[in-house]
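This is entry.json (JSON, C-alpha atoms).
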```json
[["chain", "number", "residue", "atom", "x", "y", "z"],
["K", 1, "MET", "CA", 3.15, -36.85, -11.12],
["K", 2, "SER", "CA", 0.77, -37.22, -14.03],
["K", 3, "THR", "CA", 1.02, -38.87, -17.43],
["K", 4, "ASN", "CA", 4.56, -38.64, -18.67],
["K", 5, "THR", "CA", 4.00, -39.59, -22.29],
["K", 6, "ASP", "CA", 2.89, -36.19, -23.53],
["K", 7, "THR", "CA", 5.23, -33.43, -24.60],
["K", 8, "VAL", "CA", 5.43, -29.72, -23.94],
["K", 9, "ALA", "CA", 3.70, -29.11, -27.27],
["K", 10, "ASP", "CA", 0.85, -31.41, -26.19],
["K", 11, "ARG", "CA", 0.44, -29.45, -23.00],
["K", 12, "PHE", "CA", 0.25, -26.19, -24.90],
["K", 13, "ALA", "CA", -2.25, -27.66, -27.36],
["K", 14, "ALA", "CA", -4.39, -29.01, -24.53],
["K", 15, "ALA", "CA", -4.32, -25.67, -22.76],
["K", 16, "GLY", "CA", -5.27, -23.96, -26.02],
["K", 17, "THR", "CA", -8.34, -26.10, -26.49],
["K", 18, "ARG", "CA", -9.49, -26.28, -22.88],
["K", 19, "ILE", "CA", -9.11, -22.65, -21.90],
["K", 20, "ASP", "CA", -11.01, -20.12, -23.94],
["K", 21, "PRO", "CA", -9.18, -16.96, -24.99],
["K", 22, "MET", "CA", -11.31, -14.72, -22.78],
["K", 23, "THR", "CA", -10.34, -16.61, -19.62],
["K", 24, "ALA", "CA", -6.71, -16.56, -20.61],
["K", 25, "LEU", "CA", -6.92, -12.84, -21.28],
["K", 26, "VAL", "CA", -8.51, -12.16, -17.90],
["K", 27, "ALA", "CA", -5.89, -14.26, -16.13],
["K", 28, "LEU", "CA", -3.11, -12.49, -17.97],
["K", 29, "ALA", "CA", -4.60, -9.10, -17.13],
["K", 30, "LEU", "CA", -4.77, -10.00, -13.44],
["K", 31, "VAL", "CA", -1.16, -11.13, -13.39],
["K", 32, "ALA", "CA", -0.09, -8.03, -15.29],
["K", 33, "ALA", "CA", -1.97, -5.78, -12.86],
["K", 34, "LEU", "CA", -0.38, -7.42, -9.83],
["K", 35, "GLY", "CA", 3.05, -7.35, -11.41],
["K", 36, "PHE", "CA", 2.71, -3.73, -12.44],
["K", 37, "GLY", "CA", 1.52, -2.67, -9.02],
["K", 38, "LEU", "CA", 4.39, -4.41, -7.28],
["K", 39, "LEU", "CA", 7.18, -3.62, -9.70],
["K", 40, "PHE", "CA", 6.55, -0.46, -11.66],
["K", 41, "ALA", "CA", 3.83, 1.70, -10.13],
["K", 42, "GLN", "CA", 5.44, 5.08, -9.66],
["K", 43, "GLU", "CA", 2.49, 6.76, -7.96],
["K", 44, "PRO", "CA", 4.10, 8.24, -4.83],
["K", 45, "LEU", "CA", 1.78, 6.75, -2.23],
["K", 46, "VAL", "CA", 1.95, 3.23, -3.63],
["K", 47, "HIS", "CA", 5.58, 3.55, -4.53],
["K", 48, "ASP", "CA", 6.86, 4.71, -1.20],
["K", 49, "ALA", "CA", 4.78, 2.23, 0.74],
["K", 50, "LEU", "CA", 6.32, -0.66, -1.20],
["K", 51, "HIS", "CA", 9.77, 0.82, -0.85],
["K", 52, "ASP", "CA", 11.22, -1.71, 1.60],
["K", 53, "PHE", "CA", 9.80, -4.61, -0.35],
["K", 54, "ARG", "CA", 11.40, -3.46, -3.58],
["K", 55, "HIS", "CA", 14.74, -3.10, -1.91],
["K", 56, "GLY", "CA", 14.42, -6.46, -0.23],
["K", 57, "ALA", "CA", 13.41, -8.29, -3.38],
["K", 58, "GLY", "CA", 16.14, -6.62, -5.39],
["K", 59, "ILE", "CA", 13.66, -5.03, -7.76],
["K", 60, "VAL", "CA", 15.43, -2.16, -9.40],
["K", 61, "CYS", "CA", 12.56, 0.25, -9.97],
["K", 62, "HIS", "CA", 12.46, 1.52, -6.45],
["C", 1, "MET", "CA", -3.80, -27.10, -15.41],
["C", 2, "ILE", "CA", -6.21, -25.67, -12.85],
["C", 3, "ASP", "CA", -4.93, -28.12, -10.25],
["C", 4, "ARG", "CA", -1.38, -27.04, -10.93],
["C", 5, "LEU", "CA", -2.39, -23.40, -10.77],
["C", 6, "ARG", "CA", -4.10, -24.04, -7.46],
["C", 7, "SER", "CA", -1.05, -25.82, -6.08],
["C", 8, "GLY", "CA", 1.12, -23.02, -7.34],
["C", 9, "VAL", "CA", -0.95, -20.30, -5.74],
["C", 10, "ALA", "CA", -1.11, -22.22, -2.46],
["C", 11, "ALA", "CA", 2.64, -22.79, -2.49],
["C", 12, "GLY", "CA", 3.21, -19.16, -3.44],
["C", 13, "ALA", "CA", 0.96, -17.93, -0.65],
["C", 14, "LEU", "CA", 2.78, -20.09, 1.87],
["C", 15, "ALA", "CA", 6.20, -19.00, 0.68],
["C", 16, "GLY", "CA", 4.94, -15.43, 0.38],
["C", 17, "LEU", "CA", 3.76, -15.42, 3.98],
["C", 18, "ALA", "CA", 7.20, -16.51, 5.11],
["C", 19, "TYR", "CA", 8.79, -13.97, 2.83],
["C", 20, "GLY", "CA", 6.47, -11.20, 4.01],
["C", 21, "LEU", "CA", 7.40, -12.03, 7.58],
["C", 22, "PHE", "CA", 11.04, -11.90, 6.57],
["C", 23, "THR", "CA", 10.47, -8.50, 4.95],
["C", 24, "TRP", "CA", 8.81, -7.31, 8.12],
["C", 25, "VAL", "CA", 11.38, -8.63, 10.58],
["C", 26, "VAL", "CA", 14.64, -8.32, 8.65],
["C", 27, "VAL", "CA", 14.43, -6.28, 5.47],
["C", 28, "SER", "CA", 12.52, -3.24, 6.71],
["C", 29, "PRO", "CA", 14.80, -2.57, 9.70],
["C", 30, "THR", "CA", 17.87, -3.13, 7.51],
["C", 31, "VAL", "CA", 16.64, -0.71, 4.88],
["C", 32, "ARG", "CA", 15.81, 1.85, 7.59],
["C", 33, "HIS", "CA", 19.25, 1.49, 9.07],
["C", 34, "LEU", "CA", 21.13, 1.70, 5.77],
["C", 35, "GLU", "CA", 19.16, 4.75, 4.70],
["C", 36, "HIS", "CA", 19.85, 6.31, 8.04],
["C", 37, "LEU", "CA", 23.57, 5.75, 7.44],
["C", 38, "ALA", "CA", 23.35, 7.12, 3.92],
["C", 39, "SER", "CA", 21.42, 10.21, 4.94],
["C", 40, "HIS", "CA", 24.12, 11.21, 7.38],
["C", 41, "GLY", "CA", 26.73, 11.49, 4.68],
["C", 42, "GLY", "CA", 24.71, 13.78, 2.45],
["C", 43, "ASP", "CA", 21.15, 14.35, 1.40],
["C", 44, "HIS", "CA", 20.34, 11.51, -0.96],
["C", 45, "GLY", "CA", 17.19, 10.71, -2.85],
["C", 46, "HIS", "CA", 14.98, 8.68, -0.59],
["C", 47, "ASP", "CA", 14.57, 10.65, 2.55],
["C", 48, "VAL", "CA", 13.62, 13.78, 0.65],
["C", 49, "ALA", "CA", 9.88, 13.17, 0.61],
["C", 50, "PRO", "CA", 8.60, 9.91, 2.03],
["C", 51, "ALA", "CA", 4.91, 10.10, 1.20],
["C", 52, "VAL", "CA", 4.11, 7.39, 3.74],
["C", 53, "GLY", "CA", 5.12, 6.81, 7.35],
["C", 54, "GLU", "CA", 7.62, 4.17, 8.33],
["C", 55, "THR", "CA", 5.08, 1.83, 9.90],
["C", 56, "ALA", "CA", 2.84, 1.99, 6.85],
["C", 57, "THR", "CA", 5.82, 1.32, 4.62],
["C", 58, "ALA", "CA", 6.76, -1.71, 6.68],
["C", 59, "VAL", "CA", 3.21, -3.08, 6.66],
["C", 60, "VAL", "CA", 2.61, -2.54, 2.96],
["C", 61, "SER", "CA", 6.02, -3.90, 2.10],
["C", 62, "ALA", "CA", 5.33, -7.06, 4.08],
["C", 63, "GLY", "CA", 2.03, -7.36, 2.22],
["C", 64, "GLY", "CA", 3.92, -6.80, -1.00],
["C", 65, "GLY", "CA", 6.15, -9.71, -0.05],
["C", 66, "VAL", "CA", 3.10, -11.95, 0.33],
["C", 67, "LEU", "CA", 1.68, -10.85, -3.01],
["C", 68, "TRP", "CA", 5.07, -11.32, -4.63],
["C", 69, "GLY", "CA", 5.02, -14.92, -3.43],
["C", 70, "VAL", "CA", 1.49, -15.44, -4.76],
["C", 71, "LEU", "CA", 2.42, -13.95, -8.13],
["C", 72, "LEU", "CA", 5.52, -16.09, -8.48],
["C", 73, "GLY", "CA", 3.66, -19.15, -7.25],
["C", 74, "ALA", "CA", 0.84, -18.72, -9.77],
["C", 75, "ALA", "CA", 3.31, -18.27, -12.61],
["C", 76, "PHE", "CA", 5.24, -21.26, -11.29],
["C", 77, "GLY", "CA", 2.17, -23.51, -11.26],
["C", 78, "VAL", "CA", 1.15, -22.67, -14.82],
["C", 79, "ALA", "CA", 4.71, -22.90, -16.13],
["C", 80, "TYR", "CA", 5.17, -26.22, -14.35],
["C", 81, "HIS", "CA", 2.10, -27.66, -15.96],
["C", 82, "LEU", "CA", 3.12, -26.51, -19.43],
["C", 83, "PHE", "CA", 6.81, -27.37, -19.30],
["C", 84, "GLU", "CA", 6.86, -30.39, -17.00],
["C", 85, "PRO", "CA", 7.39, -32.94, -19.83],
["C", 86, "GLY", "CA", 10.48, -31.07, -20.96],
["C", 87, "LEU", "CA", 12.13, -30.66, -17.57],
["C", 88, "PRO", "CA", 14.96, -32.95, -16.51],
["C", 89, "GLY", "CA", 15.39, -34.33, -13.02],
["C", 90, "GLY", "CA", 12.49, -36.70, -12.26],
["C", 91, "ALA", "CA", 11.25, -35.87, -8.76],
["C", 92, "LEU", "CA", 13.48, -32.80, -8.72],
["C", 93, "LYS", "CA", 11.59, -31.14, -11.57],
["C", 94, "PRO", "CA", 10.00, -28.44, -9.38],
["C", 95, "TYR", "CA", 13.45, -27.45, -8.16],
["C", 96, "VAL", "CA", 14.79, -27.22, -11.70],
["C", 97, "LEU", "CA", 11.89, -24.95, -12.62],
["C", 98, "ALA", "CA", 12.37, -22.88, -9.46],
["C", 99, "GLY", "CA", 16.01, -22.40, -10.37],
["C", 100, "ALA", "CA", 14.99, -21.31, -13.84],
["C", 101, "GLY", "CA", 12.51, -18.91, -12.30],
["C", 102, "LEU", "CA", 15.09, -17.40, -9.99],
["C", 103, "LEU", "CA", 17.43, -17.00, -12.94],
["C", 104, "THR", "CA", 14.72, -15.34, -15.03],
["C", 105, "VAL", "CA", 13.13, -13.00, -12.56],
["C", 106, "SER", "CA", 16.06, -12.07, -10.34],
["C", 107, "VAL", "CA", 19.53, -13.13, -11.41],
["C", 108, "ALA", "CA", 19.33, -12.00, -15.04],
["C", 109, "PRO", "CA", 18.19, -8.46, -14.18],
["C", 110, "TRP", "CA", 20.84, -8.29, -11.47],
["C", 111, "THR", "CA", 23.63, -8.81, -13.98],
["C", 112, "VAL", "CA", 23.05, -5.27, -15.25],
["C", 113, "LEU", "CA", 21.08, -3.74, -12.40],
["C", 114, "PRO", "CA", 22.29, -5.24, -9.13],
["C", 115, "PRO", "CA", 20.06, -4.91, -6.05],
["C", 116, "ALA", "CA", 20.15, -1.27, -5.07],
["C", 117, "THR", "CA", 21.59, -0.59, -1.69],
["C", 118, "PRO", "CA", 19.25, 1.69, 0.24],
["C", 119, "GLY", "CA", 20.36, 5.26, -0.01],
["C", 120, "ALA", "CA", 22.44, 4.76, -3.13],
["C", 121, "GLU", "CA", 21.88, 6.92, -6.16],
["C", 122, "PRO", "CA", 20.42, 4.83, -9.03],
["C", 123, "LEU", "CA", 22.39, 4.79, -12.25],
["C", 124, "TYR", "CA", 19.55, 5.23, -14.72],
["C", 125, "GLY", "CA", 16.25, 7.07, -14.55],
["C", 126, "SER", "CA", 13.18, 5.00, -13.77],
["C", 127, "SER", "CA", 11.80, 5.47, -17.28],
["C", 128, "LEU", "CA", 14.83, 3.61, -18.62],
["C", 129, "ARG", "CA", 15.05, 1.09, -15.81],
["C", 130, "ALA", "CA", 11.57, -0.38, -16.26],
["C", 131, "PRO", "CA", 12.00, -1.46, -19.93],
["C", 132, "LEU", "CA", 15.55, -2.54, -19.20],
["C", 133, "TYR", "CA", 14.29, -4.69, -16.37],
["C", 134, "LEU", "CA", 11.61, -6.30, -18.54],
["C", 135, "GLY", "CA", 14.11, -6.91, -21.33],
["C", 136, "LEU", "CA", 16.50, -8.56, -18.92],
["C", 137, "ILE", "CA", 13.72, -10.80, -17.64],
["C", 138, "GLY", "CA", 13.18, -11.84, -21.25],
["C", 139, "ILE", "CA", 16.87, -12.57, -21.66],
["C", 140, "GLY", "CA", 16.84, -14.51, -18.41],
["C", 141, "GLY", "CA", 13.98, -16.67, -19.64],
["C", 142, "LEU", "CA", 15.86, -17.33, -22.85],
["C", 143, "VAL", "CA", 19.02, -18.27, -20.96],
["C", 144, "ALA", "CA", 17.13, -20.60, -18.64],
["C", 145, "ALA", "CA", 15.35, -22.25, -21.58],
["C", 146, "THR", "CA", 18.51, -22.78, -23.61],
["C", 147, "SER", "CA", 20.30, -24.10, -20.56],
["C", 148, "VAL", "CA", 17.60, -26.67, -19.79],
["C", 149, "LEU", "CA", 17.18, -27.60, -23.45],
["C", 150, "GLY", "CA", 20.93, -27.95, -23.88],
["C", 151, "TYR", "CA", 21.10, -30.23, -20.88],
["C", 152, "THR", "CA", 18.28, -32.53, -21.94],
["C", 153, "ARG", "CA", 19.46, -32.77, -25.56],
["C", 154, "THR", "CA", 23.09, -33.39, -24.77],
["C", 155, "SER", "CA", 22.65, -35.66, -21.79],
["C", 156, "ARG", "CA", 20.43, -37.94, -23.87],
["C", 157, "THR", "CA", 23.21, -38.64, -26.34],
["C", 158, "ARG", "CA", 26.48, -37.95, -24.53],
["C", 159, "GLY", "CA", 25.85, -38.44, -20.85],
["C", 160, "ARG", "CA", 25.20, -36.19, -17.93],
["C", 161, "VAL", "CA", 28.56, -34.53, -17.59],
["C", 162, "ALA", "CA", 28.49, -33.27, -21.16],
["C", 163, "GLY", "CA", 24.90, -32.16, -20.58],
["C", 164, "ALA", "CA", 25.85, -30.20, -17.49],
["C", 165, "PHE", "CA", 28.69, -28.59, -19.41],
["C", 166, "VAL", "CA", 26.37, -27.49, -22.22],
["C", 167, "ALA", "CA", 23.88, -26.22, -19.66],
["C", 168, "LEU", "CA", 26.59, -24.05, -18.15],
["C", 169, "LEU", "CA", 27.39, -22.24, -21.41],
["C", 170, "PRO", "CA", 24.36, -19.88, -21.45],
["C", 171, "LEU", "CA", 24.94, -19.12, -17.79],
["C", 172, "VAL", "CA", 28.52, -18.13, -18.51],
["C", 173, "ALA", "CA", 27.29, -15.91, -21.32],
["C", 174, "LEU", "CA", 24.93, -14.25, -18.86],
["C", 175, "GLY", "CA", 27.81, -13.77, -16.46],
["C", 176, "LEU", "CA", 29.78, -12.04, -19.20],
["C", 177, "LEU", "CA", 26.91, -9.62, -19.58],
["C", 178, "SER", "CA", 27.46, -8.46, -16.02],
["C", 179, "VAL", "CA", 31.13, -7.81, -16.81],
["C", 180, "VAL", "CA", 30.27, -5.80, -19.90],
["C", 181, "ALA", "CA", 27.53, -3.79, -18.19],
["C", 182, "PRO", "CA", 28.53, -0.46, -16.66],
["C", 183, "PRO", "CA", 29.08, -0.79, -12.93],
["C", 184, "THR", "CA", 26.43, 0.62, -10.68],
["C", 185, "PRO", "CA", 27.50, 2.80, -7.77],
["C", 186, "ALA", "CA", 28.11, 0.38, -4.93],
["C", 187, "GLY", "CA", 26.51, 1.87, -1.89],
["C", 188, "GLY", "CA", 26.29, 5.62, -1.67],
["C", 189, "ASP", "CA", 27.74, 6.57, 1.65],
["C", 190, "ALA", "CA", 27.04, 3.27, 3.34],
["C", 191, "PRO", "CA", 30.19, 1.20, 3.94],
["C", 192, "ALA", "CA", 31.10, -1.09, 1.06],
["C", 193, "GLY", "CA", 31.00, -4.21, 3.22],
["C", 194, "LEU", "CA", 27.53, -3.37, 4.42],
["C", 195, "SER", "CA", 26.16, -2.86, 0.93],
["C", 196, "ALA", "CA", 27.74, -6.13, -0.21],
["C", 197, "ALA", "CA", 26.10, -7.83, 2.74],
["C", 198, "PHE", "CA", 22.80, -6.29, 1.74],
["C", 199, "ARG", "CA", 23.14, -7.70, -1.77],
["C", 200, "TRP", "CA", 23.84, -11.15, -0.42],
["C", 201, "LEU", "CA", 20.83, -10.83, 1.85],
["C", 202, "VAL", "CA", 18.65, -9.96, -1.13],
["C", 203, "GLY", "CA", 20.06, -12.76, -3.24],
["C", 204, "PHE", "CA", 19.62, -15.40, -0.57],
["C", 205, "SER", "CA", 16.14, -14.25, 0.33],
["C", 206, "GLN", "CA", 15.01, -14.60, -3.29],
["C", 207, "ALA", "CA", 16.66, -18.01, -3.58],
["C", 208, "GLY", "CA", 14.94, -19.03, -0.36],
["C", 209, "LEU", "CA", 11.59, -17.81, -1.64],
["C", 210, "TRP", "CA", 11.90, -19.91, -4.80],
["C", 211, "ALA", "CA", 13.11, -22.93, -2.85],
["C", 212, "LEU", "CA", 10.13, -22.64, -0.53],
["C", 213, "ILE", "CA", 7.76, -22.39, -3.49],
["C", 214, "ALA", "CA", 9.33, -25.50, -5.04],
["C", 215, "VAL", "CA", 9.19, -27.51, -1.80],
["C", 216, "SER", "CA", 5.59, -26.72, -0.99],
["C", 217, "PHE", "CA", 4.53, -27.01, -4.63],
["C", 218, "SER", "CA", 5.92, -30.51, -4.96],
["C", 219, "ARG", "CA", 4.18, -31.40, -1.71],
["C", 220, "PHE", "CA", 0.80, -30.03, -2.89],
["C", 221, "ASP", "CA", 1.24, -31.47, -6.35],
["C", 222, "ARG", "CA", 1.90, -34.94, -5.01],
["C", 223, "ARG", "CA", -1.25, -34.72, -2.92],
["C", 224, "VAL", "CA", -3.29, -33.65, -5.96],
["C", 225, "GLY", "CA", -1.75, -36.47, -7.99],
["C", 226, "ARG", "CA", -2.75, -38.98, -5.35],
["C", 227, "ARG", "CA", -6.28, -37.66, -5.07],
["C", 228, "GLY", "CA", -7.01, -37.73, -8.81],
["C", 229, "THR", "CA", -4.73, -40.45, -10.12],
["C", 230, "LYS", "CA", -5.79, -39.86, -13.71],
["C", 231, "SER", "CA", -4.45, -37.05, -15.85],
["C", 232, "PRO", "CA", -5.34, -33.49, -14.80],
["C", 233, "THR", "CA", -7.63, -33.21, -17.81],
["C", 234, "ALA", "CA", -10.15, -35.33, -15.91],
["C", 235, "THR", "CA", -11.09, -32.44, -13.64],
["C", 236, "ALA", "CA", -13.50, -30.79, -16.02],
["C", 237, "GLY", "CA", -15.51, -29.24, -13.18],
["C", 238, "GLY", "CA", -12.82, -26.75, -12.28],
["C", 239, "ALA", "CA", -11.88, -25.88, -15.83],
["C", 240, "ASP", "CA", -12.96, -22.28, -15.62]]
```

Written as structure tokens, that's how I'd like the structure from this file.
Amino acid sequence: MSTNTDTVADRFAAAGTRIDPMTALVALALVAALGFGLLFAQEPLVHDALHDFRHGAGIVCH
Amino acid sequence: MIDRLRSGVAAGALAGLAYGLFTWVVVSPTVRHLEHLASHGGDHGHDVAPAVGETATAVVSAGGGVLWGVLLGAAFGVAYHLFEPGLPGGALKPYVLAGAGLLTVSVAPWTVLPPATPGAEPLYGSSLRAPLYLGLIGIGGLVAATSVLGYTRTSRTRGRVAGAFVALLPLVALGLLSVVAPPTPAGGDAPAGLSAAFRWLVGFSQAGLWALIAVSFSRFDRRVGRRGTKSPTATAGGAD
């Protein structure tokens, strides 16, 4: 793998300096949107269409 | 970071494709069948008003499986990059993280809310289930973190067996949670054996999904490591 001298804290610090907050926010928003759509969206059309998937993945909010 | 994210998404897409196929071929027919069984005993929730046809449900659910893989893979890649120095196991690090992920996202929520058998009446309303689910994911993350931390700390000073023992303690605590939690109705009108089998199917499919992500991620990651032998910080071009 890569350099194994750094620590978890170093990785977080490096990520903090190299990725600006806006990018991080956008990435987080994208992940949240995808997660929400798959796990929690209760809108009937979306919800029922993902029905089998939720059962299969053991996601409780089906 | 970006390289790891890319590897993670690629691994997640690969695993997600397999998982989507599995949803299509195995899960959808099983769910159909179990709901069919349940609906014969009495009129339960799901077949009251399906807003979408069966084929559409199968297609979208398979697509959901793919996206689920991508989502987990992306999270896996980022988490791997951030936590890699702290993970035990040398070359097995991706598998350790995949196990932690399975514990966080699936196993911890299942201790209180086990996979619902199709056709069964849910115990809580969905407005309670969603926050409960998120909270349990948080607990799962905490359990996984303490387990890994306990292992690395203890095995450094007292050897691997003691480390493994300490790592087991949070898992046992999580298991106790499932004993304390109120039992969910097993399977509506579907036979008990069948609903147990369905739960095992769900559990193994999630474990398989994570294993597939870990396998393909370590493959991709090794290739990236070979291509740019220096640290991942060198790839400034793909920073954002």

Define the interface residues of chain K facing chain C as those within 8 Å, counting only C-alpha atoms, and report them as JSON, numbers by chain.
{"K": [1, 2, 3, 4, 5, 6, 7, 8, 11, 12, 15, 18, 19, 23, 31, 34, 35, 38, 40, 44, 45, 48, 49, 50, 51, 52, 53, 54, 55, 56, 57, 58, 59, 60, 61]}

Go ahead and write the residues just picked, C-alpha atoms, as a PDB file, keeping the file's coordinate frame.
```pdb
ATOM      1  CA  MET K   1       3.150 -36.850 -11.120  1.00  0.00           C
ATOM      2  CA  SER K   2       0.770 -37.220 -14.030  1.00  0.00           C
ATOM      3  CA  THR K   3       1.020 -38.870 -17.430  1.00  0.00           C
ATOM      4  CA  ASN K   4       4.560 -38.640 -18.670  1.00  0.00           C
ATOM      5  CA  THR K   5       4.000 -39.590 -22.290  1.00  0.00           C
ATOM      6  CA  ASP K   6       2.890 -36.190 -23.530  1.00  0.00           C
ATOM      7  CA  THR K   7       5.230 -33.430 -24.600  1.00  0.00           C
ATOM      8  CA  VAL K   8       5.430 -29.720 -23.940  1.00  0.00           C
ATOM      9  CA  ARG K  11       0.440 -29.450 -23.000  1.00  0.00           C
ATOM     10  CA  PHE K  12       0.250 -26.190 -24.900  1.00  0.00           C
ATOM     11  CA  ALA K  15      -4.320 -25.670 -22.760  1.00  0.00           C
ATOM     12  CA  ARG K  18      -9.490 -26.280 -22.880  1.00  0.00           C
ATOM     13  CA  ILE K  19      -9.110 -22.650 -21.900  1.00  0.00           C
ATOM     14  CA  THR K  23     -10.340 -16.610 -19.620  1.00  0.00           C
ATOM     15  CA  VAL K  31      -1.160 -11.130 -13.390  1.00  0.00           C
ATOM     16  CA  LEU K  34      -0.380  -7.420  -9.830  1.00  0.00           C
ATOM     17  CA  GLY K  35       3.050  -7.350 -11.410  1.00  0.00           C
ATOM     18  CA  LEU K  38       4.390  -4.410  -7.280  1.00  0.00           C
ATOM     19  CA  PHE K  40       6.550  -0.460 -11.660  1.00  0.00           C
ATOM     20  CA  PRO K  44       4.100   8.240  -4.830  1.00  0.00           C
ATOM     21  CA  LEU K  45       1.780   6.750  -2.230  1.00  0.00           C
ATOM     22  CA  ASP K  48       6.860   4.710  -1.200  1.00  0.00           C
ATOM     23  CA  ALA K  49       4.780   2.230   0.740  1.00  0.00           C
ATOM     24  CA  LEU K  50       6.320  -0.660  -1.200  1.00  0.00           C
ATOM     25  CA  HIS K  51       9.770   0.820  -0.850  1.00  0.00           C
ATOM     26  CA  ASP K  52      11.220  -1.710   1.600  1.00  0.00           C
ATOM     27  CA  PHE K  53       9.800  -4.610  -0.350  1.00  0.00           C
ATOM     28  CA  ARG K  54      11.400  -3.460  -3.580  1.00  0.00           C
ATOM     29  CA  HIS K  55      14.740  -3.100  -1.910  1.00  0.00           C
ATOM     30  CA  GLY K  56      14.420  -6.460  -0.230  1.00  0.00           C
ATOM     31  CA  ALA K  57      13.410  -8.290  -3.380  1.00  0.00           C
ATOM     32  CA  GLY K  58      16.140  -6.620  -5.390  1.00  0.00           C
ATOM     33  CA  ILE K  59      13.660  -5.030  -7.760  1.00  0.00           C
ATOM     34  CA  VAL K  60      15.430  -2.160  -9.400  1.00  0.00           C
ATOM     35  CA  CYS K  61      12.560   0.250  -9.970  1.00  0.00           C
TER      36      CYS K  61
END
```

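Here CA of Ser7 in chain C is placed at a distance of 22.2 Å from CA of Gly141 in chain C.
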
Residues near Val143 in chain C, cut-off 9 Å, only C-alpha atoms, skip fewer than 4 positions along chain, as JSON, numbers by chain:
{"C": [100, 103, 104, 108, 138, 139, 147, 148, 170, 171, 173, 174]}

CA of Val166 in chain C to CA of Thr152 in chain C measures 9.5 Å

Separating CA of Ala13 in chain C from CA of Gly99 in chain C, to the nearest tenth of an Å, is a gap of 18.5 Å

Can you tell me, as number ranges by chain, what residues are no more than 6 Å from Ser216 in chain C when counting all atoms listed in the file, ignoring any on the same chain fewer than 3 positions away?
C: 11, 213, 219

With distances taken over all atoms listed in the file, which of C:Val112, C:Ala144, C:Leu134, C:Gly12 is nearest to Leu39 in chain K?
C:Leu134
